[in-house]
>>> print(open('protein.pdb').read())   # PDB, C-alpha atoms
ATOM      1  CA  MET S   1     200.116 135.284  23.851
ATOM      2  CA  ALA S   2     199.713 137.153  20.606
ATOM      3  CA  ILE S   3     198.902 140.854  20.801
ATOM      4  CA  GLN S   4     195.751 141.799  18.960
ATOM      5  CA  HIS S   5     196.258 144.162  16.043
ATOM      6  CA  ALA S   6     193.679 145.464  13.620
ATOM      7  CA  ALA S   7     192.889 143.496  10.466
ATOM      8  CA  PRO S   8     192.742 145.177   7.034
ATOM      9  CA  GLY S   9     189.549 147.238   6.741
ATOM     10  CA  GLU S  10     188.920 147.159  10.491
ATOM     11  CA  ILE S  11     188.249 150.578  12.040
ATOM     12  CA  VAL S  12     190.686 151.701  14.728
ATOM     13  CA  ASP S  13     189.872 154.601  17.061
ATOM     14  CA  VAL S  14     192.494 157.366  17.073
ATOM     15  CA  ARG S  15     190.336 160.004  18.758
ATOM     16  CA  PRO S  16     191.990 161.877  21.618
ATOM     17  CA  LEU S  17     192.219 159.820  24.803
ATOM     18  CA  ALA S  18     191.335 163.007  26.740
ATOM     19  CA  ASP S  19     190.731 162.193  30.420
ATOM     20  CA  GLN S  20     191.789 158.575  29.851
ATOM     21  CA  ILE S  21     195.309 159.626  28.858
ATOM     22  CA  ALA S  22     196.836 159.334  32.333
ATOM     23  CA  SER S  23     195.837 155.673  32.502
ATOM     24  CA  SER S  24     196.794 154.859  28.901
ATOM     25  CA  VAL S  25     200.001 153.410  27.508
ATOM     26  CA  THR S  26     201.648 153.256  24.110
ATOM     27  CA  ARG S  27     200.005 150.710  21.824
ATOM     28  CA  THR S  28     200.757 149.208  18.445
ATOM     29  CA  LEU S  29     197.465 149.537  16.563
ATOM     30  CA  ILE S  30     198.471 147.979  13.264
ATOM     31  CA  LYS S  31     201.291 145.636  12.426
ATOM     32  CA  SER S  32     201.180 144.226   8.969
ATOM     33  CA  GLU S  33     203.452 143.407   6.102
ATOM     34  CA  GLY S  34     205.307 146.639   5.431
ATOM     35  CA  LEU S  35     203.298 148.841   7.812
ATOM     36  CA  GLU S  36     203.242 149.576  11.521
ATOM     37  CA  VAL S  37     201.010 152.156  13.222
ATOM     38  CA  ILE S  38     201.618 153.047  16.860
ATOM     39  CA  ARG S  39     199.853 155.435  19.211
ATOM     40  CA  LEU S  40     202.560 156.783  21.507
ATOM     41  CA  VAL S  41     201.374 158.052  24.865
ATOM     42  CA  VAL S  42     203.833 160.736  26.002
ATOM     43  CA  PRO S  43     203.153 162.168  29.467
ATOM     44  CA  ALA S  44     204.290 165.719  30.222
ATOM     45  CA  GLY S  45     208.037 165.711  30.911
ATOM     46  CA  LYS S  46     208.680 162.287  29.380
ATOM     47  CA  GLU S  47     211.541 162.115  26.901
ATOM     48  CA  ILE S  48     211.961 159.644  24.091
ATOM     49  CA  ALA S  49     215.699 159.612  23.460
ATOM     50  CA  PRO S  50     217.203 160.100  20.000
ATOM     51  CA  HIS S  51     216.604 157.084  17.764
ATOM     52  CA  LYS S  52     215.959 156.298  14.132
ATOM     53  CA  VAL S  53     214.028 153.817  12.054
ATOM     54  CA  ALA S  54     215.007 152.377   8.704
ATOM     55  CA  GLY S  55     212.019 153.472   6.611
ATOM     56  CA  PRO S  56     210.015 156.685   6.181
ATOM     57  CA  ILE S  57     207.613 157.632   8.982
ATOM     58  CA  THR S  58     204.862 160.141   9.621
ATOM     59  CA  VAL S  59     204.301 161.655  13.070
ATOM     60  CA  GLN S  60     200.909 163.197  13.855
ATOM     61  CA  CYS S  61     200.103 164.847  17.171
ATOM     62  CA  LEU S  62     196.601 163.717  18.211
ATOM     63  CA  GLU S  63     196.345 165.688  21.462
ATOM     64  CA  GLY S  64     198.461 167.610  23.914
ATOM     65  CA  ARG S  65     201.741 169.227  22.955
ATOM     66  CA  ILE S  66     205.181 167.766  22.291
ATOM     67  CA  GLU S  67     208.578 169.106  21.419
ATOM     68  CA  PHE S  68     209.997 167.255  18.435
ATOM     69  CA  GLU S  69     213.661 167.448  17.476
ATOM     70  CA  VAL S  70     215.193 166.415  14.188
ATOM     71  CA  ALA S  71     218.339 167.590  12.405
ATOM     72  CA  GLY S  72     219.143 170.041  15.218
ATOM     73  CA  LYS S  73     215.754 171.743  14.891
ATOM     74  CA  ARG S  74     213.275 171.727  17.782
ATOM     75  CA  GLN S  75     209.643 172.536  17.237
ATOM     76  CA  ALA S  76     206.418 172.216  19.180
ATOM     77  CA  MET S  77     203.621 170.100  17.739
ATOM     78  CA  SER S  78     200.006 170.142  18.896
ATOM     79  CA  ALA S  79     196.861 168.343  17.750
ATOM     80  CA  GLY S  80     196.587 168.403  13.966
ATOM     81  CA  ASP S  81     200.298 168.886  13.296
ATOM     82  CA  LEU S  82     201.926 166.246  11.129
ATOM     83  CA  LEU S  83     205.419 165.773   9.720
ATOM     84  CA  TYR S  84     207.384 163.089   7.969
ATOM     85  CA  LEU S  85     210.930 161.864   8.097
ATOM     86  CA  THR S  86     212.823 159.885   5.541
ATOM     87  CA  GLY S  87     214.393 156.630   6.687
ATOM     88  CA  GLY S  88     217.392 156.784   8.998
ATOM     89  CA  GLU S  89     216.840 160.307  10.394
ATOM     90  CA  MET S  90     217.738 160.604  14.089
ATOM     91  CA  HIS S  91     214.931 162.227  16.061
ATOM     92  CA  SER S  92     213.713 162.627  19.622
ATOM     93  CA  LEU S  93     210.685 164.023  21.397
ATOM     94  CA  ARG S  94     209.459 165.216  24.761
ATOM     95  CA  GLY S  95     206.000 165.723  26.225
ATOM     96  CA  LEU S  96     205.233 169.378  26.997
ATOM     97  CA  GLU S  97     201.755 168.283  28.085
ATOM     98  CA  ASP S  98     200.195 164.835  28.371
ATOM     99  CA  SER S  99     200.086 163.937  24.698
ATOM    100  CA  SER S 100     199.348 161.165  22.256
ATOM    101  CA  VAL S 101     201.027 160.851  18.907
ATOM    102  CA  LEU S 102     200.219 158.658  15.918
ATOM    103  CA  VAL S 103     203.330 157.215  14.286
ATOM    104  CA  THR S 104     203.038 155.445  10.933
ATOM    105  CA  ILE S 105     206.135 153.481  10.023
ATOM    106  CA  GLN S 106     206.966 152.022   6.678
ATOM    107  CA  LEU S 107     208.753 148.791   7.363
ATOM    108  CA  VAL S 108     211.584 148.301   4.959
ATOM    109  CA  ALA S 109     211.396 145.038   3.055
ATOM    110  CA  LYS S 110     214.067 142.541   3.890
ATOM    111  CA  ALA S 111     216.375 141.765   1.021
TER     112      ALA S 111
ATOM    113  CA  MET B   1     205.428 174.717 -12.296
ATOM    114  CA  ALA B   2     206.324 172.319  -9.516
ATOM    115  CA  ILE B   3     203.747 171.739  -6.807
ATOM    116  CA  GLN B   4     205.015 172.549  -3.327
ATOM    117  CA  HIS B   5     205.139 169.577  -0.961
ATOM    118  CA  ALA B   6     206.400 169.499   2.600
ATOM    119  CA  ALA B   7     210.072 168.801   3.275
ATOM    120  CA  PRO B   8     211.171 166.229   5.886
ATOM    121  CA  GLY B   9     210.620 167.635   9.384
ATOM    122  CA  GLU B  10     208.332 170.409   8.137
ATOM    123  CA  ILE B  11     205.020 170.661   9.997
ATOM    124  CA  VAL B  12     201.884 170.180   7.902
ATOM    125  CA  ASP B  13     198.455 171.198   9.200
ATOM    126  CA  VAL B  14     195.882 168.383   9.145
ATOM    127  CA  ARG B  15     193.367 170.050  11.462
ATOM    128  CA  PRO B  16     189.759 169.984  10.268
ATOM    129  CA  LEU B  17     189.062 172.463   7.468
ATOM    130  CA  ALA B  18     185.707 173.188   9.174
ATOM    131  CA  ASP B  19     183.964 176.140   7.502
ATOM    132  CA  GLN B  20     186.688 176.282   4.830
ATOM    133  CA  ILE B  21     185.819 172.795   3.566
ATOM    134  CA  ALA B  22     183.378 173.929   0.861
ATOM    135  CA  SER B  23     186.102 176.005  -0.784
ATOM    136  CA  SER B  24     188.869 173.392  -0.354
ATOM    137  CA  VAL B  25     190.095 170.752  -2.761
ATOM    138  CA  THR B  26     192.073 167.544  -2.470
ATOM    139  CA  ARG B  27     195.781 168.204  -1.952
ATOM    140  CA  THR B  28     198.929 166.113  -1.905
ATOM    141  CA  LEU B  29     200.683 167.207   1.294
ATOM    142  CA  ILE B  30     203.754 164.997   1.101
ATOM    143  CA  LYS B  31     205.344 163.268  -1.840
ATOM    144  CA  SER B  32     208.663 161.725  -1.117
ATOM    145  CA  GLU B  33     210.643 158.639  -1.876
ATOM    146  CA  GLY B  34     208.373 155.795  -0.849
ATOM    147  CA  LEU B  35     205.670 157.924   0.796
ATOM    148  CA  GLU B  36     202.700 159.971  -0.328
ATOM    149  CA  VAL B  37     200.232 161.742   1.993
ATOM    150  CA  ILE B  38     197.050 163.221   0.554
ATOM    151  CA  ARG B  39     194.165 165.097   2.158
ATOM    152  CA  LEU B  40     191.079 164.100   0.205
ATOM    153  CA  VAL B  41     188.207 166.567   0.308
ATOM    154  CA  VAL B  42     184.989 164.591  -0.180
ATOM    155  CA  PRO B  43     181.816 166.704  -0.349
ATOM    156  CA  ALA B  44     178.526 165.132   0.734
ATOM    157  CA  GLY B  45     177.252 162.882  -2.052
ATOM    158  CA  LYS B  46     180.556 162.658  -3.901
ATOM    159  CA  GLU B  47     181.687 159.166  -4.828
ATOM    160  CA  ILE B  48     185.217 157.992  -5.407
ATOM    161  CA  ALA B  49     184.818 154.948  -7.623
ATOM    162  CA  PRO B  50     186.429 151.588  -6.829
ATOM    163  CA  HIS B  51     190.186 151.683  -7.304
ATOM    164  CA  LYS B  52     193.313 150.202  -5.773
ATOM    165  CA  VAL B  53     196.891 151.160  -5.116
ATOM    166  CA  ALA B  54     199.918 148.907  -5.180
ATOM    167  CA  GLY B  55     201.183 149.380  -1.640
ATOM    168  CA  PRO B  56     199.629 149.447   1.851
ATOM    169  CA  ILE B  57     197.637 152.555   2.790
ATOM    170  CA  THR B  58     196.037 154.051   5.877
ATOM    171  CA  VAL B  59     192.803 156.042   5.677
ATOM    172  CA  GLN B  60     191.945 158.416   8.524
ATOM    173  CA  CYS B  61     188.747 160.450   8.630
ATOM    174  CA  LEU B  62     189.651 163.971   9.813
ATOM    175  CA  GLU B  63     186.151 165.463   9.793
ATOM    176  CA  GLY B  64     182.671 164.796   8.487
ATOM    177  CA  ARG B  65     181.429 161.319   7.712
ATOM    178  CA  ILE B  66     182.125 158.968   4.832
ATOM    179  CA  GLU B  67     180.985 155.533   3.777
ATOM    180  CA  PHE B  68     183.957 153.332   2.995
ATOM    181  CA  GLU B  69     183.644 150.066   1.098
ATOM    182  CA  VAL B  70     186.214 147.318   0.883
ATOM    183  CA  ALA B  71     185.841 143.580   0.280
ATOM    184  CA  GLY B  72     182.048 143.876   0.022
ATOM    185  CA  LYS B  73     181.832 145.529   3.454
ATOM    186  CA  ARG B  74     180.474 149.071   3.840
ATOM    187  CA  GLN B  75     181.072 151.051   6.985
ATOM    188  CA  ALA B  76     180.740 154.641   8.086
ATOM    189  CA  MET B  77     183.836 156.492   9.270
ATOM    190  CA  SER B  78     183.843 159.757  11.189
ATOM    191  CA  ALA B  79     186.599 161.938  12.670
ATOM    192  CA  GLY B  80     189.130 159.783  14.528
ATOM    193  CA  ASP B  81     188.394 156.565  12.650
ATOM    194  CA  LEU B  82     191.364 154.989  10.888
ATOM    195  CA  LEU B  83     191.829 151.787   8.907
ATOM    196  CA  TYR B  84     194.462 150.233   6.731
ATOM    197  CA  LEU B  85     194.451 148.187   3.572
ATOM    198  CA  THR B  86     197.133 145.951   2.219
ATOM    199  CA  GLY B  87     198.345 146.651  -1.318
ATOM    200  CA  GLY B  88     196.034 145.869  -4.205
ATOM    201  CA  GLU B  89     192.727 145.909  -2.298
ATOM    202  CA  MET B  90     189.857 147.426  -4.305
ATOM    203  CA  HIS B  91     188.024 150.085  -2.312
ATOM    204  CA  SER B  92     185.651 152.998  -2.797
ATOM    205  CA  LEU B  93     184.156 155.747  -0.718
ATOM    206  CA  ARG B  94     181.356 158.279  -0.629
ATOM    207  CA  GLY B  95     180.794 161.467   1.344
ATOM    208  CA  LEU B  96     177.850 161.245   3.746
ATOM    209  CA  GLU B  97     178.688 164.760   4.922
ATOM    210  CA  ASP B  98     181.305 167.233   3.712
ATOM    211  CA  SER B  99     184.424 165.379   4.837
ATOM    212  CA  SER B 100     188.170 165.352   4.688
ATOM    213  CA  VAL B 101     190.251 162.223   4.826
ATOM    214  CA  LEU B 102     193.982 161.724   5.316
ATOM    215  CA  VAL B 103     195.396 158.995   3.081
ATOM    216  CA  THR B 104     198.941 157.755   3.649
ATOM    217  CA  ILE B 105     200.256 155.661   0.793
ATOM    218  CA  GLN B 106     203.318 153.520   0.817
ATOM    219  CA  LEU B 107     204.762 153.756  -2.645
ATOM    220  CA  VAL B 108     206.089 150.445  -3.774
ATOM    221  CA  ALA B 109     209.711 150.558  -4.822
ATOM    222  CA  LYS B 110     210.361 150.035  -8.481
ATOM    223  CA  ALA B 111     212.276 146.897  -9.264
TER     224      ALA B 111
END
>>> encode(input="protein.pdb", output="structure tokens")
Amino acid sequence: MAIQHAAPGEIVDVRPLADQIASSVTRTLIKSEGLEVIRLVVPAGKEIAPHKVAGPITVQCLEGRIEFEVAGKRQAMSAGDLLYLTGGEMHSLRGLEDSSVLVTIQLVAKA
Amino acid sequence: MAIQHAAPGEIVDVRPLADQIASSVTRTLIKSEGLEVIRLVVPAGKEIAPHKVAGPITVQCLEGRIEFEVAGKRQAMSAGDLLYLTGGEMHSLRGLEDSSVLVTIQLVAKA
């Protein structure tokens, strides 16, 4: 069964999940040619092990607090903090509180 | 003089400008290979005329309220509303209140 993603021009809700966060899971909101947008749900204490993606990404904390590590540097991010990575950068993260994080991934065109 | 943009892994603040919005202007937060992130400041009543960009974009209302038009469809967006457009789609917007909007643009690679 196909998973439902947003169509171009369709409004997607990225407000904080707030008291729904404990019952929420990570969801791909948009998956289109060249673009993927995911809302990661990261409970307190959960680790997402080091990984990388081919294209540039942005990471925006929507709520809660995470620890984000890239290039040997660890920093806390809370709601309203955003950063970007160029393609191929190893990174990892960990929930300091129950958090949700918007990740926008540029899918690299196949040759 | 070069304009300062964020480096990879550097945290950028995209919290609402709130009572600073009247004295704020549109700023390019990130400009990197393949990726541009802009915070548009759109005062109430201001129109951004129909235009298009080559690559896919996401548009996220950070605060206030805008009217966004694409493909003959007008809809209001407020804080926490996000949408995407594929490359080349004509769109326009108008501030219904003093608003700020995060625009993430995938720059299309030059041949």
>>> residues_near_point(input="protein.pdb", point="(195.2, 151.7, -3.3)", cutoff="8 Å", atoms="only C-alpha atoms", output="VMD selection string")
chain B and resid 51 to 57 85 87 to 91 105
>>> write_last_selection(input="protein.pdb", atoms="C-alpha atoms", output="compact mmCIF listing (two decimals), in the frame of the given file")
# COMPACT_ATOMS: atom_id res chain seq x y z
CA HIS B 51 190.19 151.68 -7.30
CA LYS B 52 193.31 150.20 -5.77
CA VAL B 53 196.89 151.16 -5.12
CA ALA B 54 199.92 148.91 -5.18
CA GLY B 55 201.18 149.38 -1.64
CA PRO B 56 199.63 149.45 1.85
CA ILE B 57 197.64 152.56 2.79
CA LEU B 85 194.45 148.19 3.57
CA GLY B 87 198.34 146.65 -1.32
CA GLY B 88 196.03 145.87 -4.20
CA GLU B 89 192.73 145.91 -2.30
CA MET B 90 189.86 147.43 -4.30
CA HIS B 91 188.02 150.08 -2.31
CA ILE B 105 200.26 155.66 0.79
>>> residues_around(input="protein.pdb", residues="B:Ser100", least_positions_apart="4", cutoff="6 Å", atoms="only C-alpha atoms", output="VMD selection string")
chain B and resid 40 to 42 62 to 63
>>> atom_distance(input="protein.pdb", atom1="atom CA of B:Thr104", atom2="atom CA of S:Val14")
14.9 Å
>>> resolve_selection(input="protein.pdb", expression="the ChimeraX specification (/B :<7) & /S", output="list of chain:residue names")
S:Pro8, S:Gly9, S:Glu10, S:Ile11, S:Val12, S:Asp13, S:Val14, S:Arg15, S:Val70, S:Gly80, S:Asp81, S:Leu82, S:Leu83, S:Tyr84, S:Leu85, S:Thr86
>>> atom_distance(input="protein.pdb", atom1="atom CA of S:Lys31", atom2="atom CA of S:Gly45")
28.1 Å
>>> calpha_fit_and_write(input="protein.pdb", fixed="chain S", moving="chain B", output="CSV table (one decimal) with C-alpha atoms, keeping the file's coordinate frame")
chain,number,residue,atom,x,y,z
B,1,MET,CA,200.0,135.3,23.9
B,2,ALA,CA,199.7,137.2,20.6
B,3,ILE,CA,198.9,140.8,20.8
B,4,GLN,CA,195.7,141.8,19.0
B,5,HIS,CA,196.3,144.2,16.0
B,6,ALA,CA,193.7,145.5,13.6
B,7,ALA,CA,192.9,143.5,10.5
B,8,PRO,CA,192.8,145.2,7.0
B,9,GLY,CA,189.6,147.2,6.7
B,10,GLU,CA,188.9,147.2,10.5
B,11,ILE,CA,188.3,150.6,12.0
B,12,VAL,CA,190.7,151.7,14.7
B,13,ASP,CA,189.9,154.6,17.1
B,14,VAL,CA,192.5,157.4,17.1
B,15,ARG,CA,190.3,160.0,18.7
B,16,PRO,CA,192.0,161.9,21.6
B,17,LEU,CA,192.2,159.8,24.8
B,18,ALA,CA,191.3,163.0,26.7
B,19,ASP,CA,190.7,162.2,30.4
B,20,GLN,CA,191.8,158.6,29.9
B,21,ILE,CA,195.3,159.6,28.8
B,22,ALA,CA,196.8,159.3,32.3
B,23,SER,CA,195.8,155.7,32.5
B,24,SER,CA,196.8,154.8,28.9
B,25,VAL,CA,200.0,153.4,27.5
B,26,THR,CA,201.7,153.3,24.1
B,27,ARG,CA,200.0,150.7,21.8
B,28,THR,CA,200.8,149.2,18.4
B,29,LEU,CA,197.5,149.5,16.6
B,30,ILE,CA,198.5,148.0,13.3
B,31,LYS,CA,201.3,145.6,12.4
B,32,SER,CA,201.2,144.2,9.0
B,33,GLU,CA,203.4,143.4,6.1
B,34,GLY,CA,205.3,146.6,5.4
B,35,LEU,CA,203.3,148.8,7.8
B,36,GLU,CA,203.3,149.6,11.5
B,37,VAL,CA,201.0,152.2,13.2
B,38,ILE,CA,201.6,153.0,16.9
B,39,ARG,CA,199.9,155.4,19.2
B,40,LEU,CA,202.6,156.8,21.5
B,41,VAL,CA,201.4,158.1,24.9
B,42,VAL,CA,203.8,160.7,26.0
B,43,PRO,CA,203.2,162.2,29.5
B,44,ALA,CA,204.3,165.7,30.2
B,45,GLY,CA,208.0,165.7,30.9
B,46,LYS,CA,208.7,162.3,29.4
B,47,GLU,CA,211.5,162.1,26.9
B,48,ILE,CA,212.0,159.6,24.1
B,49,ALA,CA,215.7,159.6,23.5
B,50,PRO,CA,217.2,160.1,20.0
B,51,HIS,CA,216.6,157.1,17.8
B,52,LYS,CA,215.9,156.3,14.1
B,53,VAL,CA,214.0,153.8,12.1
B,54,ALA,CA,215.0,152.4,8.7
B,55,GLY,CA,212.0,153.5,6.6
B,56,PRO,CA,210.0,156.7,6.2
B,57,ILE,CA,207.6,157.6,9.0
B,58,THR,CA,204.9,160.1,9.6
B,59,VAL,CA,204.3,161.7,13.1
B,60,GLN,CA,200.9,163.2,13.9
B,61,CYS,CA,200.1,164.8,17.2
B,62,LEU,CA,196.6,163.7,18.2
B,63,GLU,CA,196.3,165.7,21.5
B,64,GLY,CA,198.5,167.6,23.9
B,65,ARG,CA,201.7,169.2,23.0
B,66,ILE,CA,205.2,167.8,22.3
B,67,GLU,CA,208.6,169.1,21.4
B,68,PHE,CA,210.0,167.3,18.4
B,69,GLU,CA,213.7,167.4,17.5
B,70,VAL,CA,215.2,166.4,14.2
B,71,ALA,CA,218.3,167.6,12.4
B,72,GLY,CA,219.2,170.0,15.2
B,73,LYS,CA,215.8,171.7,14.9
B,74,ARG,CA,213.3,171.7,17.8
B,75,GLN,CA,209.6,172.5,17.2
B,76,ALA,CA,206.4,172.2,19.2
B,77,MET,CA,203.6,170.1,17.7
B,78,SER,CA,200.0,170.1,18.9
B,79,ALA,CA,196.9,168.3,17.8
B,80,GLY,CA,196.6,168.4,14.0
B,81,ASP,CA,200.3,168.9,13.3
B,82,LEU,CA,201.9,166.2,11.1
B,83,LEU,CA,205.4,165.8,9.7
B,84,TYR,CA,207.4,163.1,8.0
B,85,LEU,CA,210.9,161.9,8.1
B,86,THR,CA,212.8,159.9,5.5
B,87,GLY,CA,214.4,156.6,6.7
B,88,GLY,CA,217.4,156.8,9.0
B,89,GLU,CA,216.8,160.3,10.4
B,90,MET,CA,217.7,160.6,14.1
B,91,HIS,CA,214.9,162.2,16.1
B,92,SER,CA,213.7,162.6,19.6
B,93,LEU,CA,210.7,164.0,21.4
B,94,ARG,CA,209.5,165.2,24.8
B,95,GLY,CA,206.0,165.7,26.2
B,96,LEU,CA,205.2,169.4,27.0
B,97,GLU,CA,201.8,168.3,28.1
B,98,ASP,CA,200.2,164.8,28.4
B,99,SER,CA,200.1,163.9,24.7
B,100,SER,CA,199.4,161.2,22.3
B,101,VAL,CA,201.0,160.8,18.9
B,102,LEU,CA,200.2,158.6,15.9
B,103,VAL,CA,203.3,157.2,14.3
B,104,THR,CA,203.0,155.4,10.9
B,105,ILE,CA,206.1,153.5,10.0
B,106,GLN,CA,207.0,152.0,6.7
B,107,LEU,CA,208.8,148.8,7.4
B,108,VAL,CA,211.6,148.3,4.9
B,109,ALA,CA,211.4,145.0,3.1
B,110,LYS,CA,214.0,142.5,3.9
B,111,ALA,CA,216.4,141.8,1.0
>>> atom_distance(input="protein.pdb", atom1="atom CA of B:Glu47", atom2="atom CA of S:Val103")
28.9 Å
>>> closest_residue(input="protein.pdb", among="S:Ile66, S:Ala44, S:Ala18, S:Ala49", to="S:Val101", atoms="only C-alpha atoms")
S:Ile66
>>> residues_around(input="protein.pdb", residues="S:Ile48", least_positions_apart="4", cutoff="7 Å", atoms="all atoms listed in the file", output="list in words")
Ser92, Leu93 and Arg94 of chain S
>>> axis_aligned_box(input="protein.pdb", around="stretch 26-43 of chain B", padding_each_side="4 Å", output="lines of an AutoDock Vina configuration file")
center_x = 196.2
center_y = 162.0
center_z = -0.2
size_x = 36.8
size_y = 20.4
size_z = 12.6
>>> closest_residue(input="protein.pdb", among="S:Leu17, S:Ile38, S:Ser23, S:Gly64", to="S:Ser99", atoms="all atoms listed in the file")
S:Gly64
>>> decode(input="protein.pdb", residues="stretch 33-48 of chain S", atoms="N, CA and C atoms", output="PDB file, in the first residue's frame")
ATOM      1  N   GLU S  33      10.393  14.303  -6.488  1.00  0.00           N
ATOM      2  CA  GLU S  33      11.613  14.291  -7.283  1.00  0.00           C
ATOM      3  C   GLU S  33      12.623  15.280  -6.684  1.00  0.00           C
ATOM      4  N   GLY S  34      13.696  14.774  -6.161  1.00  0.00           N
ATOM      5  CA  GLY S  34      14.764  15.650  -5.682  1.00  0.00           C
ATOM      6  C   GLY S  34      14.631  16.135  -4.257  1.00  0.00           C
ATOM      7  N   LEU S  35      13.518  15.843  -3.582  1.00  0.00           N
ATOM      8  CA  LEU S  35      13.258  16.440  -2.267  1.00  0.00           C
ATOM      9  C   LEU S  35      12.571  15.447  -1.342  1.00  0.00           C
ATOM     10  N   GLU S  36      13.077  15.350  -0.122  1.00  0.00           N
ATOM     11  CA  GLU S  36      12.404  14.539   0.889  1.00  0.00           C
ATOM     12  C   GLU S  36      12.373  15.342   2.186  1.00  0.00           C
ATOM     13  N   VAL S  37      11.219  15.388   2.827  1.00  0.00           N
ATOM     14  CA  VAL S  37      11.072  16.093   4.104  1.00  0.00           C
ATOM     15  C   VAL S  37      10.504  15.108   5.116  1.00  0.00           C
ATOM     16  N   ILE S  38      11.219  14.965   6.227  1.00  0.00           N
ATOM     17  CA  ILE S  38      10.874  13.991   7.257  1.00  0.00           C
ATOM     18  C   ILE S  38      10.709  14.721   8.580  1.00  0.00           C
ATOM     19  N   ARG S  39       9.694  14.332   9.367  1.00  0.00           N
ATOM     20  CA  ARG S  39       9.664  14.783  10.757  1.00  0.00           C
ATOM     21  C   ARG S  39      10.113  13.604  11.620  1.00  0.00           C
ATOM     22  N   LEU S  40      11.324  13.735  12.165  1.00  0.00           N
ATOM     23  CA  LEU S  40      11.859  12.729  13.078  1.00  0.00           C
ATOM     24  C   LEU S  40      11.250  12.947  14.459  1.00  0.00           C
ATOM     25  N   VAL S  41      10.763  11.879  15.053  1.00  0.00           N
ATOM     26  CA  VAL S  41      10.370  11.937  16.461  1.00  0.00           C
ATOM     27  C   VAL S  41      11.480  11.248  17.257  1.00  0.00           C
ATOM     28  N   VAL S  42      12.090  11.992  18.173  1.00  0.00           N
ATOM     29  CA  VAL S  42      13.263  11.522  18.911  1.00  0.00           C
ATOM     30  C   VAL S  42      12.970  11.593  20.412  1.00  0.00           C
ATOM     31  N   PRO S  43      12.516  10.478  20.996  1.00  0.00           N
ATOM     32  CA  PRO S  43      12.243  10.499  22.436  1.00  0.00           C
ATOM     33  C   PRO S  43      13.517  10.763  23.231  1.00  0.00           C
ATOM     34  N   ALA S  44      13.351  11.278  24.433  1.00  0.00           N
ATOM     35  CA  ALA S  44      14.487  11.503  25.340  1.00  0.00           C
ATOM     36  C   ALA S  44      15.286  10.213  25.471  1.00  0.00           C
ATOM     37  N   GLY S  45      16.592  10.293  25.315  1.00  0.00           N
ATOM     38  CA  GLY S  45      17.482   9.152  25.476  1.00  0.00           C
ATOM     39  C   GLY S  45      17.713   8.361  24.212  1.00  0.00           C
ATOM     40  N   LYS S  46      16.873   8.562  23.192  1.00  0.00           N
ATOM     41  CA  LYS S  46      17.048   7.808  21.942  1.00  0.00           C
ATOM     42  C   LYS S  46      18.239   8.346  21.150  1.00  0.00           C
ATOM     43  N   GLU S  47      19.034   7.420  20.615  1.00  0.00           N
ATOM     44  CA  GLU S  47      20.169   7.827  19.791  1.00  0.00           C
ATOM     45  C   GLU S  47      19.934   7.436  18.341  1.00  0.00           C
ATOM     46  N   ILE S  48      20.304   8.314  17.455  1.00  0.00           N
ATOM     47  CA  ILE S  48      20.331   7.962  16.032  1.00  0.00           C
ATOM     48  C   ILE S  48      21.811   7.910  15.673  1.00  0.00           C
TER      49      ILE S  48
END
